[in-house]
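Enquirer: The structure's right below; bear with me while I get my questions together.
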Amino acid sequence: MAKERSERNLLSFFSGRQFLIPLAALLALVLFNLIVDPEFFRVTYGRNSEGYPVLSGNLVSILDDGSELAILAIGMTLVTAASGGQDISAGAVVAICGSVLLRVLCGTGVASGQLQAPIIAAFLVCCLAGILCGAFNGALVAFFRIQPMIATLILFTAGRSIAAWINNNELLRVTDSTFACFGGYIKGVPIPTPVFIAVICFAAVWALLRFTSLGLYVQSVGISEKTSRLNGLDPRIIKVGVFVIMGFCCAVAALIKVSRLSTINYSVIAKDIEMDAILAVALGGNPLSGGKFRMSSSILGAYVIQFLTTTLYKLDVQSDALSAYKAAAVILLVVLSAPAVREKLMKLLGSVTEQKSSADGGRI
């Protein structure tokens, strides 16, 4: 009886833990790479072209390249939880924010070796652009009751054209070394700067959810607008608020993206990154219909997706087939993380456990 009780407790533990699916996927990727190529996990300490110490390797690349996706997954998790829908305009908003950032830094010129405005001022204007885009999306969802995916389809369609229009379709370029640090390395620090930016964002969101009632309000609105309204909440304010946070996350991602390249390609920058952000939320076990959420699971899901992408690149998968391989793997993981599938798996494991217990009792 004690053994049967412990097995049932184990099954209930696994069935109620959202983070186990992305964690299991991460462990599977680790084991796969250990078997195929143990050198995958090698981290080297060297110096870059300027003579400063840097860490390099696949693990460092995963943490570095996955920073923007993880930051966007934060905003996407809140949008999904509160509105029961997704923001498909994230990549286009990143393009708008990046275009505004370059316009302020370059002034009236096309290239800028010497910045025409302080980086902090340019970033604040960039954040303002992201917040306005988020507020626009949020207003359509909250006040006009348009489905989130339809509401954000407007900027998804027009956003990159707006980004090109802001700079007269010119490819602005910033060659200042200080600005390049945000997408590269700080002199003398061997860890990529985007990793620190992502950690700062994670810490800020953790503090916001830990020491305020934002998480409770978001979940309340996502579960039942009517109930939350009866409890004194205005669902419209909460919905606009989470889209504003999403816009801010896009601005931070734009800072990193533009700093990496020192320029912007309006049609390519952050292309399809919103789809990866949505997959990160789903992979984290968060219901796409809204309601309860676990932020840490979404962040872990974002890095699992980046781990998978890096693994596929390491296996020399052709770029045009990369999306197909990634989609197949992610679909499998998302299906396994679906509540209905998990419930059936738990019932199957429970029946196997009962049959095993009955067989053991019969032998006794």
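Residues in the structure tokens are named by chain (A, B, ... in the order shown) and by number from 1 within that chain; ligands are numbered from 1 in the order shown.
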What lies within 12 Å of segment 141-148 of chain A using only C-alpha atoms, ignoring chain neighbours under 2 positions off, as an MDAnalysis selection string?
Expert: chainID A and resid 76 79:89 134:139 150:156 221 225 234:243 288:290
Enquirer: How would the residues just chosen look if you wrote them out with C-alpha atoms as a CSV table (one decimal), in the first residue's frame?
Expert:
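Output (again_19.csv):
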chain,number,residue,atom,x,y,z
A,76,MET,CA,4.0,37.2,-24.6
A,79,VAL,CA,-0.5,39.0,-23.1
A,80,THR,CA,-1.6,35.4,-23.4
A,81,ALA,CA,-2.6,35.1,-19.8
A,82,ALA,CA,-4.6,38.3,-19.7
A,83,SER,CA,-6.2,38.3,-23.2
A,84,GLY,CA,-6.4,34.6,-24.1
A,85,GLY,CA,-4.7,35.5,-27.4
A,86,GLN,CA,-1.3,36.3,-28.8
A,87,ASP,CA,0.6,39.3,-30.1
A,88,ILE,CA,1.8,38.4,-33.6
A,89,SER,CA,3.2,41.9,-34.3
A,134,GLY,CA,1.7,48.2,-27.3
A,135,ALA,CA,-1.0,50.7,-26.2
A,136,PHE,CA,-2.4,50.7,-29.8
A,137,ASN,CA,-2.7,46.9,-29.8
A,138,GLY,CA,-4.1,46.9,-26.2
A,139,ALA,CA,-6.7,49.5,-27.0
A,150,ILE,CA,-6.6,40.1,-35.4
A,151,ALA,CA,-5.9,43.3,-33.6
A,152,THR,CA,-2.1,42.8,-33.8
A,153,LEU,CA,-2.4,41.7,-37.4
A,154,ILE,CA,-2.5,45.5,-38.3
A,155,LEU,CA,1.0,46.2,-37.1
A,156,PHE,CA,2.2,42.7,-38.2
A,221,VAL,CA,-8.8,38.8,-16.0
A,225,GLU,CA,-13.4,39.1,-16.9
A,234,ASP,CA,-11.1,47.0,-14.8
A,235,PRO,CA,-10.1,44.3,-17.3
A,236,ARG,CA,-9.5,47.0,-19.9
A,237,ILE,CA,-6.7,48.6,-17.9
A,238,ILE,CA,-5.0,45.2,-17.3
A,239,LYS,CA,-5.2,44.2,-21.0
A,240,VAL,CA,-3.8,47.5,-22.1
A,241,GLY,CA,-1.1,47.2,-19.4
A,242,VAL,CA,0.2,43.8,-20.6
A,243,PHE,CA,0.4,45.0,-24.2
A,288,LEU,CA,-2.9,29.7,-24.8
A,289,SER,CA,-6.5,30.4,-23.8
A,290,GLY,CA,-5.3,32.6,-20.9
Enquirer: Closest to Val268 of chain A among A:Leu105, A:Ala92, A:Cys201, A:Val195, using only C-alpha atoms?
Expert: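 Ranking A:Leu105, A:Ala92, A:Cys201, A:Val195 by distance to Val268 of chain A, first place goes to A:Ala92.
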Enquirer: With a distance cut-off of 7 Å and only C-alpha atoms, select the neighbouring residues of Arg260 of chain A, excluding the residue or stretch itself and same-chain residues fewer than 4 positions from it, and output the selection as a tab-separated table (two decimals) with C-alpha atoms, in the first residue's frame.
Expert:
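Saved to part-v5.tsv:
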chain	number	residue	atom	x	y	z
A	180	ALA	CA	28.10	48.01	-30.12
A	183	GLY	CA	24.84	43.50	-28.59
A	184	GLY	CA	28.40	42.33	-28.04
A	256	ILE	CA	20.08	44.26	-28.69
Enquirer: For each of A:Lys226, A:Arg42, A:Lys257, A:Lys292, take the minimum atom-to-atom distance to Leu59 of chain A, counting only C-alpha atoms, then give the residue where this is smallest.
Expert: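 Distance minimum relative to Leu59 of chain A lands on A:Arg42.
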Enquirer: Taking only segment 232-290 of chain A into account, list the residues labelled alpha helix (DSSP H) by DSSP (computed from the backbone), as a ChimeraX atom specification.
Expert: /A:235-261,273-283
Enquirer: Extract, using only C-alpha atoms, all DNA, RNA and protein residues at most 10 Å from Arg160 of chain A, discarding same-chain residues fewer than 5 positions from it, and format them as a ChimeraX atom specification.
Expert: /A:89,91-96,99,155,165-166,265-269
Enquirer: Report, in Å to a single decimal, how far apart atom CA of Leu172 of chain A and atom CA of Val60 of chain A are.
Expert: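 Computed distance, atom CA of Val60 of chain A to atom CA of Leu172 of chain A, equals 29.0 Å.
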Enquirer: Please list as an MDAnalysis selection string every residue within 8 Å of Ile299 of chain A, counting only C-alpha atoms and excluding residues in the same chain fewer than 2 positions away.
Expert: chainID A and resid 70:71 73:74 280:281 284 295:297 301:303
Enquirer: Just list as a PyMOL selection string whatever in segment 68-261 of chain A DSSP marks as strand (DSSP E).
Expert: chain A and resi 111-112+173-174
Enquirer: Those same residues, written as a short mmCIF file (atom, residue, chain, number, x, y, z; two decimals), in the first residue's frame with C-alpha atoms?
Expert:
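After the write, selection_13.cif holds the following:
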data_model
loop_
_atom_site.label_atom_id
_atom_site.label_comp_id
_atom_site.auth_asym_id
_atom_site.auth_seq_id
_atom_site.Cartn_x
_atom_site.Cartn_y
_atom_site.Cartn_z
CA ALA A 111 25.93 56.84 -40.98
CA SER A 112 27.17 57.98 -37.63
CA ARG A 173 24.46 52.63 -39.66
CA VAL A 174 26.05 53.33 -36.28
#
Enquirer: Work out how far apart atom CA of Ile273 of chain A and atom CA of Val252 of chain A are and give it in Å to one decimal.
Expert: 13.9 Å
Enquirer: Taking 3 positions as the minimum chain separation for residues in the same chain, which residues sit within 12 Å of Phe32 of chain A when counting only C-alpha atoms? Answer as a PDB file with C-alpha atoms, in the first residue's frame.
Expert:
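Output contents, as saved in result.pdb:
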ATOM      1  CA  ALA A  25      13.075  18.662 -23.575  1.00  0.00           C
ATOM      2  CA  LEU A  26      16.218  20.428 -22.394  1.00  0.00           C
ATOM      3  CA  LEU A  27      17.592  17.222 -20.849  1.00  0.00           C
ATOM      4  CA  ALA A  28      16.807  15.320 -24.060  1.00  0.00           C
ATOM      5  CA  LEU A  29      18.740  17.884 -26.103  1.00  0.00           C
ATOM      6  CA  ILE A  35      26.120  11.336 -27.637  1.00  0.00           C
ATOM      7  CA  VAL A  36      26.509  12.960 -31.046  1.00  0.00           C
ATOM      8  CA  ASP A  37      29.241  15.488 -30.227  1.00  0.00           C
ATOM      9  CA  PRO A  38      30.559  15.955 -26.667  1.00  0.00           C
ATOM     10  CA  PHE A  40      29.205  20.760 -28.253  1.00  0.00           C
ATOM     11  CA  PHE A  41      29.489  21.753 -24.585  1.00  0.00           C
ATOM     12  CA  PHE A 307      19.098  25.215 -27.835  1.00  0.00           C
ATOM     13  CA  LEU A 308      17.210  23.280 -30.520  1.00  0.00           C
ATOM     14  CA  THR A 311      21.737  21.997 -32.333  1.00  0.00           C
ATOM     15  CA  LEU A 312      20.218  21.960 -35.815  1.00  0.00           C
ATOM     16  CA  LEU A 315      24.168  19.287 -37.493  1.00  0.00           C
TER      17      LEU A 315
END
Enquirer: Rounded to one decimal, what separation in Å do you get between atom CA of Ser61 of chain A and atom CA of Phe19 of chain A?
Expert: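 Calculated distance between atom CA of Ser61 of chain A and atom CA of Phe19 of chain A is 23.0 Å.
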